[in-house]
Amino acid sequence: MAGSAEKTFVSYEMRGDIALIGLTRPEKRNAISDAVIEEFALKVDRATAEAKAAVIFGEGLHFCAGLDLLEHSEKPLLESVLGSRRWHEVFARMERGRIPFIAALHGAVVGGGFELASSCQLRVADATTYFGLPEGQRGIFVGGGGSVRIERLIGTSRMTDMMLTGRVAKAEEMERWGGVNYVVEAGAALEKAIALAEVTATNSEFSNYAIMNALPRIRDMSSEDGLFVESAVSALASMTPEAQDRLRAFLEKRAGKVLAD
C-alpha cells in the first residue's frame, strides 16, 4: 500500500486511529508461512498497543489462499502440531483482544485465509471474493482455528460440505450463510472496512472489549451461566466514566438517536 513505511511479508500503516495490516505476498496469493505468521503477530500486537481498530487486507488479486503447503508438507509431526497451536495463539489475540479487527476480503479466501478472516470481528467481501476449504482434497485438516470459528459462523453442515466436496461459495452466498457481514462492489472492500473500523473506534474502549470478550464466552456457557455473566458485564460497563458521560449526553439530548438509513 502506498505510504506504508514497512513492507516485508506484512505491511503496517496507521491512518488516524486505524491500523492497516496488509499481507504482501501477492505472488504466492498471500499464503501464510511460519515467517508470515510471526511477522503478522508483531503487527497485531503493535495495532493493539497504538490503534483503536484495525483492518486486515491482502495485496494483489487475492486476500489469502491459505497455508503455505510447500512449507507445511516438509514439517515433522510435532512441528505441525506446534505450528497449528501458534496460529491459534496469534488469531486469539485478534478474536479476544482489546480492539476490533475487520477483514477486507477480495479474490481467494481459502483454507487458512478463511480461518484468518473468521478471527476478525467483522468481514467485508467484495464481489470478486470466493471462499473455499479444500482440505479434503489436499489430504489435510483445518489447523488455524477453522473447526471452531468457521463452524460457528456457517454451521457444521455447510463447513462439512465445503471440506468434503471442495464446494466454493461466493460472497453473496457466504453472506446468507453468516460468514460475511457486508458485501460490496468489486474493489470497495478496503474502503468499507476502514469506514466500519472508524465507527468502532469511536465506541467506548470498555464496551468494545466487553463485546469482543464476553459474547464468545457467553456462547460457550449454559443459558443460565451466560445470563449471569451478562448481568455482571452490563453493570461493569455502565459504571465506567465514559459510559456515564455518554448516557448523560443521551439523556440531555446531546447524542443522536438510533435511526434507520
# chains A, B, ... in the order shown; residues from 1 in each chain; ligands from 1
$ select_by_dssp --residues "range 152-209 of chain A" --states "strand (DSSP E or B)" --output "ChimeraX atom specification"
/A:169-170,182-184
$ residues_around --residues "Ala232 in chain A" --least-positions-apart "6" --cutoff "12 Å" --atoms "only C-alpha atoms" --output "MDAnalysis selection string"
chainID A and resid 210 214 218 225:226 238:239
$ write_last_selection --atoms "N, CA and C atoms" --output "PDB file, in the first residue's frame"
ATOM      1  N   ALA A 210     -15.685  -5.596  26.057  1.00  0.00           N
ATOM      2  CA  ALA A 210     -16.718  -6.482  26.572  1.00  0.00           C
ATOM      3  C   ALA A 210     -17.421  -7.236  25.447  1.00  0.00           C
ATOM      4  N   ALA A 214     -16.798 -10.944  26.033  1.00  0.00           N
ATOM      5  CA  ALA A 214     -17.903 -11.581  26.743  1.00  0.00           C
ATOM      6  C   ALA A 214     -18.782 -12.418  25.811  1.00  0.00           C
ATOM      7  N   ILE A 218     -19.860 -16.212  26.528  1.00  0.00           N
ATOM      8  CA  ILE A 218     -21.257 -16.494  26.866  1.00  0.00           C
ATOM      9  C   ILE A 218     -21.821 -17.554  25.936  1.00  0.00           C
ATOM     10  N   ASP A 225     -25.788 -19.591  33.069  1.00  0.00           N
ATOM     11  CA  ASP A 225     -24.465 -19.026  33.339  1.00  0.00           C
ATOM     12  C   ASP A 225     -24.215 -17.805  32.461  1.00  0.00           C
ATOM     13  N   GLY A 226     -24.630 -17.895  31.196  1.00  0.00           N
ATOM     14  CA  GLY A 226     -24.455 -16.776  30.283  1.00  0.00           C
ATOM     15  C   GLY A 226     -25.214 -15.549  30.733  1.00  0.00           C
ATOM     16  N   SER A 238     -21.604  -0.113  32.511  1.00  0.00           N
ATOM     17  CA  SER A 238     -22.355   1.114  32.805  1.00  0.00           C
ATOM     18  C   SER A 238     -21.685   1.969  33.880  1.00  0.00           C
ATOM     19  N   MET A 239     -20.733   1.401  34.625  1.00  0.00           N
ATOM     20  CA  MET A 239     -20.075   2.142  35.707  1.00  0.00           C
ATOM     21  C   MET A 239     -18.818   2.863  35.267  1.00  0.00           C
TER      22      MET A 239
END
$ residues_around --residues "Gly187 in chain A" --least-positions-apart "5" --cutoff "12 Å" --atoms "only C-alpha atoms" --output "ChimeraX atom specification"
/A:57-63,104-107,124-129,192-193
$ write_last_selection --atoms "C-alpha atoms" --output "JSON list (two decimals), in the first residue's frame"
[["chain", "number", "residue", "atom", "x", "y", "z"],
["A", 57, "PHE", "CA", -6.32, -6.90, 3.85],
["A", 58, "GLY", "CA", -4.33, -8.67, 1.15],
["A", 59, "GLU", "CA", -2.31, -7.07, -1.65],
["A", 60, "GLY", "CA", -2.71, -8.22, -5.23],
["A", 61, "LEU", "CA", -5.60, -10.23, -6.65],
["A", 62, "HIS", "CA", -6.41, -12.24, -3.52],
["A", 63, "PHE", "CA", -6.90, -11.82, 0.20],
["A", 104, "ALA", "CA", -11.39, -6.59, 3.87],
["A", 105, "LEU", "CA", -11.79, -9.56, 1.52],
["A", 106, "HIS", "CA", -11.37, -10.00, -2.22],
["A", 107, "GLY", "CA", -10.44, -12.82, -4.53],
["A", 124, "VAL", "CA", -16.39, -7.25, 4.33],
["A", 125, "ALA", "CA", -16.28, -9.11, 0.99],
["A", 126, "ASP", "CA", -16.27, -7.54, -2.43],
["A", 127, "ALA", "CA", -17.97, -9.10, -5.45],
["A", 128, "THR", "CA", -14.79, -10.93, -6.55],
["A", 129, "THR", "CA", -14.50, -12.86, -3.28],
["A", 192, "LYS", "CA", -15.83, -0.12, 3.52],
["A", 193, "ALA", "CA", -13.72, -1.94, 6.13]]
$ closest_residue --among "A:Gly146, A:Leu153, A:Val199, A:Glu172" --to "Glu185 in chain A" --atoms "only C-alpha atoms"
A:Glu172
$ select_by_dssp --residues "range 31-246 of chain A" --states "helix (DSSP H, G or I)" --output "PyMOL selection string"
chain A and resi 34-50+69-73+77-95+112-118+135-138+146-154+156-165+171-177+189-201+205-219+223-238+241-246
$ residues_around --residues "Gly179 in chain A" --least-positions-apart "4" --cutoff "12 Å" --atoms "only C-alpha atoms" --output "PyMOL selection string"
chain A and resi 103+105+109+114-115+117-125+130-132+146+149-155+158-159+169-175+183
$ atom_distance --atom1 "CA of Arg15 in chain A" --atom2 "CA of Phe206 in chain A"
22.1 Å
$ closest_residue --among "A:Tyr182, A:Tyr209, A:Phe91, A:Trp177" --to "Ser157 in chain A" --atoms "only C-alpha atoms"
A:Trp177
$ closest_residue --among "A:Ala235, A:Val36, A:Ala31, A:Leu70" --to "Phe9 in chain A" --atoms "only C-alpha atoms"
A:Val36
$ residues_around --residues "range 52-55 of chain A" --least-positions-apart "2" --cutoff "7 Å" --atoms "only C-alpha atoms" --output "JSON, numbers by chain"
{"A": [17, 18, 19, 20, 21, 47, 57, 99, 100, 101, 102, 103, 104, 193, 194, 197, 200, 201]}
$ residues_around --residues "Gly112 in chain A" --least-positions-apart "6" --cutoff "8 Å" --atoms "only C-alpha atoms" --output "PDB file with N, CA, C and O atoms, in the first residue's frame"
ATOM      1  N   ILE A  32       0.165 -18.159   3.874  1.00  0.00           N
ATOM      2  CA  ILE A  32       0.729 -17.911   5.199  1.00  0.00           C
ATOM      3  C   ILE A  32       1.770 -18.973   5.537  1.00  0.00           C
ATOM      4  O   ILE A  32       1.452 -20.155   5.663  1.00  0.00           O
ATOM      5  N   CYS A  64      -6.167 -14.084   0.688  1.00  0.00           N
ATOM      6  CA  CYS A  64      -5.233 -15.087   1.196  1.00  0.00           C
ATOM      7  C   CYS A  64      -5.699 -16.472   0.761  1.00  0.00           C
ATOM      8  O   CYS A  64      -6.836 -16.865   1.029  1.00  0.00           O
ATOM      9  N   ALA A  65      -4.783 -17.206   0.105  1.00  0.00           N
ATOM     10  CA  ALA A  65      -5.100 -18.553  -0.372  1.00  0.00           C
ATOM     11  C   ALA A  65      -4.757 -19.622   0.645  1.00  0.00           C
ATOM     12  O   ALA A  65      -4.782 -20.806   0.321  1.00  0.00           O
ATOM     13  N   GLY A  66      -4.438 -19.214   1.883  1.00  0.00           N
ATOM     14  CA  GLY A  66      -4.293 -20.173   2.964  1.00  0.00           C
ATOM     15  C   GLY A  66      -2.877 -20.520   3.334  1.00  0.00           C
ATOM     16  O   GLY A  66      -1.936 -19.742   3.172  1.00  0.00           O
ATOM     17  N   LEU A  67      -2.716 -21.735   3.841  1.00  0.00           N
ATOM     18  CA  LEU A  67      -1.443 -22.242   4.333  1.00  0.00           C
ATOM     19  C   LEU A  67      -0.441 -22.412   3.195  1.00  0.00           C
ATOM     20  O   LEU A  67      -0.803 -22.818   2.090  1.00  0.00           O
ATOM     21  N   VAL A 142      -8.226 -28.626   8.667  1.00  0.00           N
ATOM     22  CA  VAL A 142      -8.034 -27.244   9.118  1.00  0.00           C
ATOM     23  C   VAL A 142      -7.171 -27.225  10.377  1.00  0.00           C
ATOM     24  O   VAL A 142      -7.297 -28.093  11.234  1.00  0.00           O
ATOM     25  N   GLY A 143      -6.296 -26.219  10.479  1.00  0.00           N
ATOM     26  CA  GLY A 143      -5.398 -26.154  11.625  1.00  0.00           C
ATOM     27  C   GLY A 143      -5.240 -24.777  12.217  1.00  0.00           C
ATOM     28  O   GLY A 143      -4.488 -24.594  13.173  1.00  0.00           O
ATOM     29  N   GLY A 144      -5.952 -23.795  11.668  1.00  0.00           N
ATOM     30  CA  GLY A 144      -5.821 -22.429  12.154  1.00  0.00           C
ATOM     31  C   GLY A 144      -7.030 -21.940  12.928  1.00  0.00           C
ATOM     32  O   GLY A 144      -7.259 -20.729  13.017  1.00  0.00           O
ATOM     33  N   GLY A 146     -10.252 -23.053  12.287  1.00  0.00           N
ATOM     34  CA  GLY A 146     -11.470 -23.091  11.489  1.00  0.00           C
ATOM     35  C   GLY A 146     -12.535 -24.020  12.003  1.00  0.00           C
ATOM     36  O   GLY A 146     -13.733 -23.749  11.865  1.00  0.00           O
TER      37      GLY A 146
END
